[in-house]
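Source file: work17.pdb. Holds: PDB, C-alpha atoms.
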ATOM      1  CA  MET A   1     167.625 -26.848  43.728
ATOM      2  CA  THR A   2     171.282 -27.969  43.628
ATOM      3  CA  GLU A   3     173.803 -25.581  45.180
ATOM      4  CA  ALA A   4     176.331 -24.142  42.751
ATOM      5  CA  PHE A   5     179.676 -25.863  42.791
ATOM      6  CA  LYS A   6     182.773 -23.751  43.369
ATOM      7  CA  PRO A   7     186.262 -25.062  42.452
ATOM      8  CA  ASP A   8     187.459 -24.176  45.962
ATOM      9  CA  ASP A   9     185.032 -26.749  47.359
ATOM     10  CA  ILE A  10     187.323 -29.553  46.215
ATOM     11  CA  ASP A  11     189.557 -30.771  49.014
ATOM     12  CA  ALA A  12     192.906 -31.175  47.228
ATOM     13  CA  LEU A  13     194.186 -33.503  49.955
ATOM     14  CA  ILE A  14     191.464 -36.072  49.346
ATOM     15  CA  HIS A  15     191.164 -35.416  45.622
ATOM     16  CA  GLU A  16     194.539 -37.040  44.919
ATOM     17  CA  ARG A  17     193.717 -40.536  43.590
ATOM     18  CA  THR A  18     195.741 -42.688  46.031
ATOM     19  CA  ARG A  19     194.689 -40.683  49.074
ATOM     20  CA  LEU A  20     191.071 -40.865  47.920
ATOM     21  CA  ALA A  21     191.382 -44.659  47.691
ATOM     22  CA  ILE A  22     192.825 -44.862  51.221
ATOM     23  CA  VAL A  23     190.102 -42.672  52.679
ATOM     24  CA  SER A  24     187.335 -44.525  50.777
ATOM     25  CA  ALA A  25     188.470 -47.902  52.120
ATOM     26  CA  LEU A  26     188.742 -46.600  55.678
ATOM     27  CA  ALA A  27     185.308 -45.009  55.425
ATOM     28  CA  VAL A  28     183.880 -48.543  55.316
ATOM     29  CA  ALA A  29     186.256 -50.628  57.421
ATOM     30  CA  PRO A  30     186.588 -49.176  60.922
ATOM     31  CA  GLU A  31     190.294 -49.970  61.040
ATOM     32  CA  MET A  32     192.713 -51.557  58.599
ATOM     33  CA  SER A  33     196.322 -52.551  58.848
ATOM     34  CA  PHE A  34     199.017 -51.181  56.570
ATOM     35  CA  GLY A  35     199.308 -54.574  54.891
ATOM     36  CA  GLU A  36     195.580 -54.944  54.319
ATOM     37  CA  LEU A  37     195.346 -51.548  52.679
ATOM     38  CA  LYS A  38     198.443 -52.195  50.608
ATOM     39  CA  GLU A  39     197.013 -55.481  49.308
ATOM     40  CA  MET A  40     193.508 -54.192  48.732
ATOM     41  CA  LEU A  41     194.579 -51.063  46.868
ATOM     42  CA  SER A  42     197.569 -52.692  45.127
ATOM     43  CA  LEU A  43     199.978 -50.033  46.395
ATOM     44  CA  THR A  44     203.671 -50.200  47.123
ATOM     45  CA  ASP A  45     205.015 -49.745  50.661
ATOM     46  CA  GLY A  46     206.524 -46.379  49.775
ATOM     47  CA  ASN A  47     203.424 -45.078  48.062
ATOM     48  CA  LEU A  48     201.054 -46.031  50.869
ATOM     49  CA  SER A  49     203.501 -44.805  53.475
ATOM     50  CA  ALA A  50     203.926 -41.372  51.876
ATOM     51  CA  HIS A  51     200.231 -40.752  51.264
ATOM     52  CA  SER A  52     199.107 -41.999  54.657
ATOM     53  CA  ARG A  53     201.635 -39.714  56.296
ATOM     54  CA  THR A  54     200.218 -36.757  54.364
ATOM     55  CA  LEU A  55     196.718 -37.667  55.527
ATOM     56  CA  GLU A  56     197.938 -38.093  59.098
ATOM     57  CA  GLU A  57     199.624 -34.675  59.047
ATOM     58  CA  ALA A  58     196.340 -33.153  57.877
ATOM     59  CA  GLY A  59     194.594 -34.779  60.816
ATOM     60  CA  TYR A  60     192.479 -37.030  58.563
ATOM     61  CA  LEU A  61     194.063 -40.289  59.604
ATOM     62  CA  LYS A  62     195.132 -41.815  62.895
ATOM     63  CA  ILE A  63     198.063 -44.190  62.527
ATOM     64  CA  ASP A  64     198.926 -46.529  65.381
ATOM     65  CA  LYS A  65     202.176 -48.453  65.474
ATOM     66  CA  THR A  66     202.105 -51.399  67.853
ATOM     67  CA  PHE A  67     203.583 -54.861  68.129
ATOM     68  CA  LYS A  68     201.815 -58.175  67.706
ATOM     69  CA  GLY A  69     204.226 -60.488  69.456
ATOM     70  CA  ARG A  70     207.571 -59.452  68.029
ATOM     71  CA  ARG A  71     206.139 -58.225  64.780
ATOM     72  CA  PRO A  72     205.381 -54.573  64.140
ATOM     73  CA  LEU A  73     201.793 -53.780  63.261
ATOM     74  CA  THR A  74     200.639 -50.487  61.784
ATOM     75  CA  THR A  75     196.919 -49.816  61.790
ATOM     76  CA  MET A  76     195.023 -46.866  60.361
ATOM     77  CA  ARG A  77     191.617 -45.381  60.866
ATOM     78  CA  LEU A  78     189.814 -42.236  59.814
ATOM     79  CA  THR A  79     189.543 -39.448  62.344
ATOM     80  CA  PRO A  80     186.232 -37.566  62.713
ATOM     81  CA  LYS A  81     187.879 -34.724  60.774
ATOM     82  CA  GLY A  82     188.853 -37.129  57.992
ATOM     83  CA  ARG A  83     185.358 -38.631  57.852
ATOM     84  CA  LYS A  84     183.817 -35.182  57.663
ATOM     85  CA  ALA A  85     186.210 -34.182  54.885
ATOM     86  CA  PHE A  86     185.341 -37.365  52.952
ATOM     87  CA  GLN A  87     181.613 -36.736  53.331
ATOM     88  CA  SER A  88     182.079 -33.171  52.191
ATOM     89  CA  TYR A  89     184.078 -34.395  49.154
ATOM     90  CA  LEU A  90     181.277 -36.837  48.294
ATOM     91  CA  LYS A  91     178.747 -34.032  48.587
ATOM     92  CA  THR A  92     180.784 -31.913  46.175
ATOM     93  CA  LEU A  93     181.010 -34.785  43.692
ATOM     94  CA  ARG A  94     177.239 -35.259  43.871
ATOM     95  CA  GLN A  95     176.704 -31.557  43.224
ATOM     96  CA  ILE A  96     178.878 -31.666  40.104
ATOM     97  CA  ILE A  97     177.128 -34.812  38.888
ATOM     98  CA  ASP A  98     173.671 -33.334  39.540
ATOM     99  CA  GLN A  99     174.561 -30.126  37.714
ATOM    100  CA  GLY A 100     175.715 -32.150  34.717
ATOM    101  CA  ASP A 101     172.552 -34.265  34.758
ATOM    102  CA  GLN A 102     170.237 -31.226  34.669
ATOM    103  CA  PRO A 103     168.887 -30.372  31.196
ATOM    104  CA  ARG A 104     170.442 -27.225  29.723
ATOM    105  CA  GLU A 105     168.326 -24.262  28.714
ATOM    106  CA  ASP A 106     169.329 -23.084  25.246
ATOM    107  CA  GLY A 107     168.764 -19.596  23.877
TER     108      GLY A 107
ATOM    109  CA  MET B   1     186.593 -31.041  37.780
ATOM    110  CA  ASP B   2     183.953 -31.695  35.124
ATOM    111  CA  HIS B   3     180.849 -33.858  35.203
ATOM    112  CA  ALA B   4     182.508 -36.915  33.592
ATOM    113  CA  GLU B   5     185.437 -36.833  35.990
ATOM    114  CA  ALA B   6     183.130 -36.491  38.975
ATOM    115  CA  LYS B   7     181.162 -39.522  37.817
ATOM    116  CA  ALA B   8     184.339 -41.518  37.269
ATOM    117  CA  ARG B   9     185.578 -40.559  40.747
ATOM    118  CA  MET B  10     182.280 -41.549  42.332
ATOM    119  CA  GLU B  11     182.365 -44.941  40.617
ATOM    120  CA  GLU B  12     185.950 -45.476  41.736
ATOM    121  CA  ILE B  13     185.003 -44.646  45.325
ATOM    122  CA  GLN B  14     182.091 -47.092  45.199
ATOM    123  CA  ARG B  15     184.349 -49.862  43.849
ATOM    124  CA  ILE B  16     186.885 -49.373  46.633
ATOM    125  CA  MET B  17     184.222 -49.196  49.323
ATOM    126  CA  GLU B  18     182.631 -52.413  48.070
ATOM    127  CA  ARG B  19     185.986 -54.168  48.044
ATOM    128  CA  ALA B  20     186.727 -52.981  51.574
ATOM    129  CA  THR B  21     183.306 -54.145  52.697
ATOM    130  CA  LEU B  22     183.779 -57.621  51.224
ATOM    131  CA  TRP B  23     187.193 -57.889  52.828
ATOM    132  CA  THR B  24     185.708 -57.299  56.250
ATOM    133  CA  LEU B  25     182.934 -59.837  55.568
ATOM    134  CA  LEU B  26     184.945 -62.760  54.149
ATOM    135  CA  PRO B  27     183.696 -65.736  56.181
ATOM    136  CA  GLY B  28     186.891 -67.380  57.455
ATOM    137  CA  THR B  29     185.058 -69.384  60.125
ATOM    138  CA  ALA B  30     182.625 -70.818  57.573
ATOM    139  CA  ALA B  31     185.545 -71.956  55.395
ATOM    140  CA  VAL B  32     187.192 -73.720  58.356
ATOM    141  CA  VAL B  33     183.979 -75.408  59.552
ATOM    142  CA  GLY B  34     183.014 -76.305  55.960
ATOM    143  CA  GLY B  35     186.461 -77.832  55.423
ATOM    144  CA  ILE B  36     186.125 -79.918  58.583
ATOM    145  CA  LEU B  37     182.678 -81.130  57.442
ATOM    146  CA  VAL B  38     184.132 -82.215  54.075
ATOM    147  CA  LEU B  39     186.996 -84.045  55.807
ATOM    148  CA  ALA B  40     184.434 -85.850  57.982
ATOM    149  CA  GLY B  41     182.399 -86.668  54.854
ATOM    150  CA  CYS B  42     185.478 -88.097  53.157
ATOM    151  CA  GLY B  43     186.171 -90.193  56.268
ATOM    152  CA  VAL B  44     182.614 -91.548  56.279
ATOM    153  CA  SER B  45     182.777 -92.212  52.507
ATOM    154  CA  TYR B  46     185.945 -94.255  52.952
ATOM    155  CA  TRP B  47     184.395 -96.068  55.910
ATOM    156  CA  MET B  48     181.298 -96.929  53.855
ATOM    157  CA  THR B  49     183.031 -98.050  50.649
ATOM    158  CA  GLY B  50     186.494 -99.077  51.851
ATOM    159  CA  SER B  51     187.884 -97.270  48.810
ATOM    160  CA  LEU B  52     189.418 -93.915  47.867
ATOM    161  CA  ASP B  53     187.349 -94.008  44.691
ATOM    162  CA  PHE B  54     183.901 -92.420  44.846
ATOM    163  CA  ALA B  55     182.789 -94.809  42.099
ATOM    164  CA  ALA B  56     182.998 -97.601  44.691
ATOM    165  CA  MET B  57     179.652 -96.328  45.986
ATOM    166  CA  LEU B  58     178.097 -98.186  43.047
ATOM    167  CA  ASP B  59     179.032-101.440  44.780
ATOM    168  CA  LEU B  60     176.931-100.480  47.826
ATOM    169  CA  PRO B  61     173.308-101.604  48.288
ATOM    170  CA  VAL B  62     170.858 -99.036  46.889
ATOM    171  CA  SER B  63     169.770 -97.884  50.359
ATOM    172  CA  GLN B  64     173.378 -97.080  51.250
ATOM    173  CA  GLN B  65     173.930 -95.374  47.896
ATOM    174  CA  VAL B  66     171.022 -93.084  48.739
ATOM    175  CA  LEU B  67     172.458 -92.472  52.206
ATOM    176  CA  PHE B  68     175.835 -91.679  50.641
ATOM    177  CA  CYS B  69     174.297 -89.092  48.298
ATOM    178  CA  VAL B  70     172.121 -87.583  51.055
ATOM    179  CA  MET B  71     175.191 -87.162  53.276
ATOM    180  CA  TRP B  72     177.093 -85.213  50.607
ATOM    181  CA  PHE B  73     174.014 -83.152  49.771
ATOM    182  CA  ALA B  74     173.631 -82.307  53.481
ATOM    183  CA  ILE B  75     177.301 -81.287  53.683
ATOM    184  CA  GLY B  76     176.815 -78.982  50.690
ATOM    185  CA  VAL B  77     173.675 -77.407  52.160
ATOM    186  CA  ALA B  78     175.351 -77.001  55.563
ATOM    187  CA  GLY B  79     178.317 -75.271  53.886
ATOM    188  CA  VAL B  80     176.106 -72.773  52.046
ATOM    189  CA  LEU B  81     173.978 -72.096  55.146
ATOM    190  CA  LEU B  82     177.044 -71.581  57.322
ATOM    191  CA  GLU B  83     178.580 -69.151  54.881
ATOM    192  CA  THR B  84     175.330 -67.210  54.516
ATOM    193  CA  LEU B  85     174.599 -67.037  58.247
ATOM    194  CA  LEU B  86     178.137 -66.143  59.312
ATOM    195  CA  THR B  87     178.475 -63.482  56.614
ATOM    196  CA  ALA B  88     175.146 -61.989  57.678
ATOM    197  CA  ARG B  89     176.206 -62.044  61.344
ATOM    198  CA  SER B  90     179.518 -60.419  60.495
ATOM    199  CA  ALA B  91     177.715 -57.720  58.480
ATOM    200  CA  ARG B  92     175.280 -56.975  61.319
ATOM    201  CA  LYS B  93     178.149 -56.791  63.813
ATOM    202  CA  GLN B  94     179.698 -54.061  61.683
ATOM    203  CA  GLY B  95     176.428 -52.236  61.298
ATOM    204  CA  MET B  96     175.984 -53.178  57.613
ATOM    205  CA  SER B  97     173.083 -54.765  55.822
ATOM    206  CA  PRO B  98     173.690 -58.487  55.099
ATOM    207  CA  THR B  99     172.332 -57.935  51.593
ATOM    208  CA  ILE B 100     174.775 -55.226  50.552
ATOM    209  CA  ARG B 101     175.355 -54.999  46.824
ATOM    210  CA  SER B 102     178.930 -56.316  46.939
ATOM    211  CA  ALA B 103     177.907 -59.469  48.855
ATOM    212  CA  ARG B 104     175.073 -60.069  46.407
ATOM    213  CA  VAL B 105     177.385 -59.580  43.426
ATOM    214  CA  ALA B 106     179.868 -62.090  44.875
ATOM    215  CA  ALA B 107     177.100 -64.613  45.567
ATOM    216  CA  PHE B 108     175.623 -64.208  42.086
ATOM    217  CA  SER B 109     179.086 -64.634  40.547
ATOM    218  CA  LEU B 110     179.540 -67.967  42.314
ATOM    219  CA  ALA B 111     176.007 -69.262  41.733
ATOM    220  CA  PRO B 112     176.126 -70.158  37.987
ATOM    221  CA  SER B 113     179.191 -72.400  38.395
ATOM    222  CA  VAL B 114     177.626 -74.169  41.368
ATOM    223  CA  VAL B 115     174.370 -74.703  39.470
ATOM    224  CA  VAL B 116     176.269 -76.194  36.505
ATOM    225  CA  ALA B 117     178.186 -78.493  38.889
ATOM    226  CA  MET B 118     174.896 -79.599  40.456
ATOM    227  CA  VAL B 119     173.318 -80.320  37.054
ATOM    228  CA  LEU B 120     176.334 -82.345  35.945
ATOM    229  CA  THR B 121     176.334 -84.251  39.242
ATOM    230  CA  VAL B 122     172.693 -85.203  38.791
ATOM    231  CA  LYS B 123     173.398 -86.223  35.185
ATOM    232  CA  PHE B 124     176.312 -88.429  36.305
ATOM    233  CA  LEU B 125     174.356 -90.022  39.147
ATOM    234  CA  ILE B 126     170.947 -90.616  37.659
ATOM    235  CA  PRO B 127     170.225 -94.045  36.144
ATOM    236  CA  PRO B 128     169.469 -95.903  33.874
ATOM    237  CA  ILE B 129     173.042 -97.084  34.498
ATOM    238  CA  PRO B 130     175.458 -94.786  36.358
ATOM    239  CA  ARG B 131     178.930 -95.491  35.009
ATOM    240  CA  PRO B 132     181.956 -95.574  37.359
ATOM    241  CA  GLU B 133     184.017 -93.267  35.104
ATOM    242  CA  GLU B 134     181.258 -90.648  35.206
ATOM    243  CA  ILE B 135     181.010 -90.858  38.997
ATOM    244  CA  GLN B 136     184.771 -90.301  39.069
ATOM    245  CA  TYR B 137     184.322 -87.018  37.207
ATOM    246  CA  ILE B 138     182.114 -85.520  39.924
ATOM    247  CA  VAL B 139     184.894 -84.332  42.267
ATOM    248  CA  PRO B 140     187.142 -82.840  39.531
ATOM    249  CA  VAL B 141     184.146 -81.151  37.911
ATOM    250  CA  TRP B 142     183.136 -79.617  41.249
ATOM    251  CA  MET B 143     186.719 -78.511  41.873
ATOM    252  CA  MET B 144     187.006 -76.799  38.498
ATOM    253  CA  LEU B 145     183.579 -75.156  38.535
ATOM    254  CA  TYR B 146     183.806 -74.100  42.179
ATOM    255  CA  GLY B 147     187.271 -72.700  41.419
ATOM    256  CA  THR B 148     185.881 -70.741  38.479
ATOM    257  CA  GLY B 149     183.065 -69.345  40.639
ATOM    258  CA  VAL B 150     185.330 -68.380  43.541
ATOM    259  CA  TYR B 151     187.778 -66.730  41.151
ATOM    260  CA  THR B 152     184.988 -64.689  39.590
ATOM    261  CA  ALA B 153     183.515 -63.752  42.969
ATOM    262  CA  GLY B 154     187.034 -62.796  44.078
ATOM    263  CA  LEU B 155     187.245 -60.187  41.328
ATOM    264  CA  PHE B 156     185.123 -58.007  43.615
ATOM    265  CA  SER B 157     187.343 -58.493  46.649
ATOM    266  CA  ILE B 158     191.007 -58.896  47.532
ATOM    267  CA  ARG B 159     193.532 -61.280  45.977
ATOM    268  CA  ALA B 160     193.104 -64.221  48.400
ATOM    269  CA  PRO B 161     189.789 -65.604  47.032
ATOM    270  CA  ARG B 162     191.105 -65.306  43.477
ATOM    271  CA  VAL B 163     194.157 -67.350  44.456
ATOM    272  CA  LEU B 164     191.893 -69.924  46.136
ATOM    273  CA  GLY B 165     189.823 -70.138  42.946
ATOM    274  CA  LEU B 166     192.896 -70.633  40.762
ATOM    275  CA  VAL B 167     194.267 -73.336  43.089
ATOM    276  CA  PHE B 168     190.923 -75.177  42.953
ATOM    277  CA  LEU B 169     190.887 -74.865  39.171
ATOM    278  CA  THR B 170     194.439 -76.222  38.864
ATOM    279  CA  PHE B 171     193.812 -79.077  41.327
ATOM    280  CA  GLY B 172     190.621 -79.869  39.430
ATOM    281  CA  VAL B 173     192.463 -80.183  36.124
ATOM    282  CA  VAL B 174     195.127 -82.409  37.720
ATOM    283  CA  ALA B 175     192.434 -84.525  39.412
ATOM    284  CA  LEU B 176     190.491 -84.906  36.163
ATOM    285  CA  MET B 177     193.511 -85.805  34.061
ATOM    286  CA  GLY B 178     195.475 -87.974  36.426
ATOM    287  CA  LEU B 179     193.656 -88.859  39.634
ATOM    288  CA  PRO B 180     189.945 -89.473  38.963
ATOM    289  CA  GLN B 181     190.039 -92.745  40.871
ATOM    290  CA  TYR B 182     191.213 -90.968  44.046
ATOM    291  CA  GLY B 183     188.187 -88.715  44.474
ATOM    292  CA  VAL B 184     188.077 -89.134  48.259
ATOM    293  CA  VAL B 185     191.668 -87.921  48.561
ATOM    294  CA  THR B 186     191.331 -85.022  46.117
ATOM    295  CA  ALA B 187     188.068 -83.898  47.774
ATOM    296  CA  ALA B 188     189.701 -84.070  51.213
ATOM    297  CA  LEU B 189     192.721 -82.086  50.017
ATOM    298  CA  SER B 190     190.762 -79.417  48.154
ATOM    299  CA  PHE B 191     187.311 -78.893  49.682
ATOM    300  CA  GLY B 192     188.622 -80.050  53.074
ATOM    301  CA  LEU B 193     192.189 -78.979  53.768
ATOM    302  CA  LEU B 194     192.395 -76.091  51.310
ATOM    303  CA  HIS B 195     189.250 -74.533  52.771
ATOM    304  CA  ILE B 196     190.622 -74.887  56.291
ATOM    305  CA  VAL B 197     193.933 -73.274  55.306
ATOM    306  CA  PHE B 198     192.097 -70.453  53.485
ATOM    307  CA  GLY B 199     189.727 -69.907  56.412
ATOM    308  CA  LEU B 200     192.588 -69.751  58.915
ATOM    309  CA  TYR B 201     194.461 -67.344  56.635
ATOM    310  CA  ILE B 202     191.457 -65.007  56.421
ATOM    311  CA  LEU B 203     190.782 -65.215  60.157
ATOM    312  CA  GLY B 204     194.437 -64.510  60.872
ATOM    313  CA  LYS B 205     194.457 -61.478  58.601
ATOM    314  CA  GLN B 206     191.193 -60.117  59.941
ATOM    315  CA  ARG B 207     192.173 -60.510  63.586
ATOM    316  CA  GLN B 208     195.765 -59.431  63.485
ATOM    317  CA  GLY B 209     196.122 -57.464  60.276
ATOM    318  CA  LEU B 210     198.862 -58.094  57.761
ATOM    319  CA  GLU B 211     202.487 -57.479  58.524
ATOM    320  CA  SER B 212     203.587 -53.908  58.220
TER     321      SER B 212
END
Structure translated into structure tokens:
Amino acid sequence: MTEAFKPDDIDALIHERTRLAIVSALAVAPEMSFGELKEMLSLTDGNLSAHSRTLEEAGYLKIDKTFKGRRPLTTMRLTPKGRKAFQSYLKTLRQIIDQGDQPREDG
Amino acid sequence: MDHAEAKARMEEIQRIMERATLWTLLPGTAAVVGGILVLAGCGVSYWMTGSLDFAAMLDLPVSQQVLFCVMWFAIGVAGVLLETLLTARSARKQGMSPTIRSARVAAFSLAPSVVVAMVLTVKFLIPPIPRPEEIQYIVPVWMMLYGTGVYTAGLFSIRAPRVLGLVFLTFGVVALMGLPQYGVVTAALSFGLLHIVFGLYILGKQRQGLES
């Protein structure tokens, strides 16, 4: 039987659409650069920067700033905490979907 | 969050994950090696016919015409094999299945255009009497159909393959309208050089990441 879904189960940090997109991409690719993510998700510099910082502050994202030659390179990857939060969010989504798919008992 | 929203979110997550997966699997090396093979093929074609026009193959003895066609067929097969093998290797390296849905979708998007190009090529080449102007259409037709296929396949990935597809499509139109008699040059520039540039671009992005 499917566990009952409680509104508190939703992680508000990941639930925000842009942050969810960032986390989803990084759940597949082990590490992506700022530019790659920006291009793939069609985000602006400011938008990606702000949301990735929020995720970093929550401990979901590890951001490394290095140099490739003289050029700055920012790379991001999910932390174990971020991966766990994403998996938990997926589990919650599945619960809601399963509950909706179950036939209702009338009367 | 209600059921419909949860479903929509799940679908959005799947789309993004598939796009990210394809990005990591784009076969830059295969594009470079394939481009080099095409350049070599163009060199051999020119050496065999002494012309920049593919229709000049009709002036060759039949045995050499067959050899000419077999060489280009082999280059095409080698290109497809390379792309398949290197994509599969890249997927395994990253712990993914080589037959993931997104890779299959991209391959199936490209396939119809390639099949149409192959059918048209056979139609142009097969006797009773192959006509030079039809032989001249082969390269532009391949450019346009390959461009269409790559553009469609690119809809499931990042912008770069879509741009490659559009460039092929545009070059194909220009080649068809104005340069059909320079098939060796247009093939070398598009399937050769353009593939090499695209492959190096992808390799560069994958190894170093884009600028921050």
Enumerate, as a VMD selection string, the residues matched when the PyMOL selection byres ((chain A) within 6 of (chain B)) is run on the file above. chain A and resid 24 to 25 33 to 36 40 73 to 74 93 96 to 97 100
Between atom CA of Val185 of chain B and atom CA of Tyr201 of chain B, what is the distance in Å, rounded to a tenth?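 So the answer is 22.3 Å.
For the atom pair formed by atom CA of Gly149 of chain B and atom CA of Ala187 of chain B, the distance is 17.0 Å, given to one decimal.
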Picked residues, the PyMOL selection byres ((chain A and resi 18) around 9), expected as a ChimeraX atom specification: /A:14-17,19-23,41,43,47-48,51
Can you write out the residues you just picked, keeping C-alpha atoms, as a PDB file, in the coordinates of the input?
ATOM      1  CA  ILE A  14     191.464 -36.072  49.346  1.00  0.00           C
ATOM      2  CA  HIS A  15     191.164 -35.416  45.622  1.00  0.00           C
ATOM      3  CA  GLU A  16     194.539 -37.040  44.919  1.00  0.00           C
ATOM      4  CA  ARG A  17     193.717 -40.536  43.590  1.00  0.00           C
ATOM      5  CA  ARG A  19     194.689 -40.683  49.074  1.00  0.00           C
ATOM      6  CA  LEU A  20     191.071 -40.865  47.920  1.00  0.00           C
ATOM      7  CA  ALA A  21     191.382 -44.659  47.691  1.00  0.00           C
ATOM      8  CA  ILE A  22     192.825 -44.862  51.221  1.00  0.00           C
ATOM      9  CA  VAL A  23     190.102 -42.672  52.679  1.00  0.00           C
ATOM     10  CA  LEU A  41     194.579 -51.063  46.868  1.00  0.00           C
ATOM     11  CA  LEU A  43     199.978 -50.033  46.395  1.00  0.00           C
ATOM     12  CA  ASN A  47     203.424 -45.078  48.062  1.00  0.00           C
ATOM     13  CA  LEU A  48     201.054 -46.031  50.869  1.00  0.00           C
ATOM     14  CA  HIS A  51     200.231 -40.752  51.264  1.00  0.00           C
TER      15      HIS A  51
END
Can you measure atom CA of Val141 of chain B to atom CA of Gly178 of chain B for me? One decimal in Å is fine.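 Calculated distance between atom CA of Val141 of chain B and atom CA of Gly178 of chain B is 13.3 Å.
Shortest separation to Ala56 of chain B among B:Gly172, B:Gly204, B:Pro161, B:Pro132 occurs at residue B:Pro132, atoms counted being all atoms listed in the file.
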For a quick check of your reading of the model, name the residues lying within 8 Å of the coordinate (195.3, -40.8, 64.8), counting all atoms listed in the file, and write them as number ranges by chain. A: 56, 59-64, 76-79
Could you list, as a PyMOL selection string, every residue within 8 Å of segment 105-115 of chain B, counting only C-alpha atoms and ignoring same-chain residues fewer than 5 positions away? chain B and resi 142+145-146+148-150+152-154+156
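Closest approach to Gly35 of chain B among B:Leu169, B:Leu58, B:Ile75, B:Val122 is made by B:Ile75 (distances from all atoms listed in the file).
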Hits of the PyMOL selection byres ((chain A and resi 91) around 12) in this structure, as a list in words: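 Output from the PyMOL selection byres ((chain A and resi 91) around 12), applied to this file: Thr2, Glu3, Ala4, Phe5, Asp9, Ile10, Asp11, Lys84, Ala85, Phe86, Gln87, Ser88, Tyr89, Leu90, Thr92, Leu93, Arg94, Gln95, Ile96, Ile97 and Asp98 of chain A; Ala6 and Met10 of chain B.
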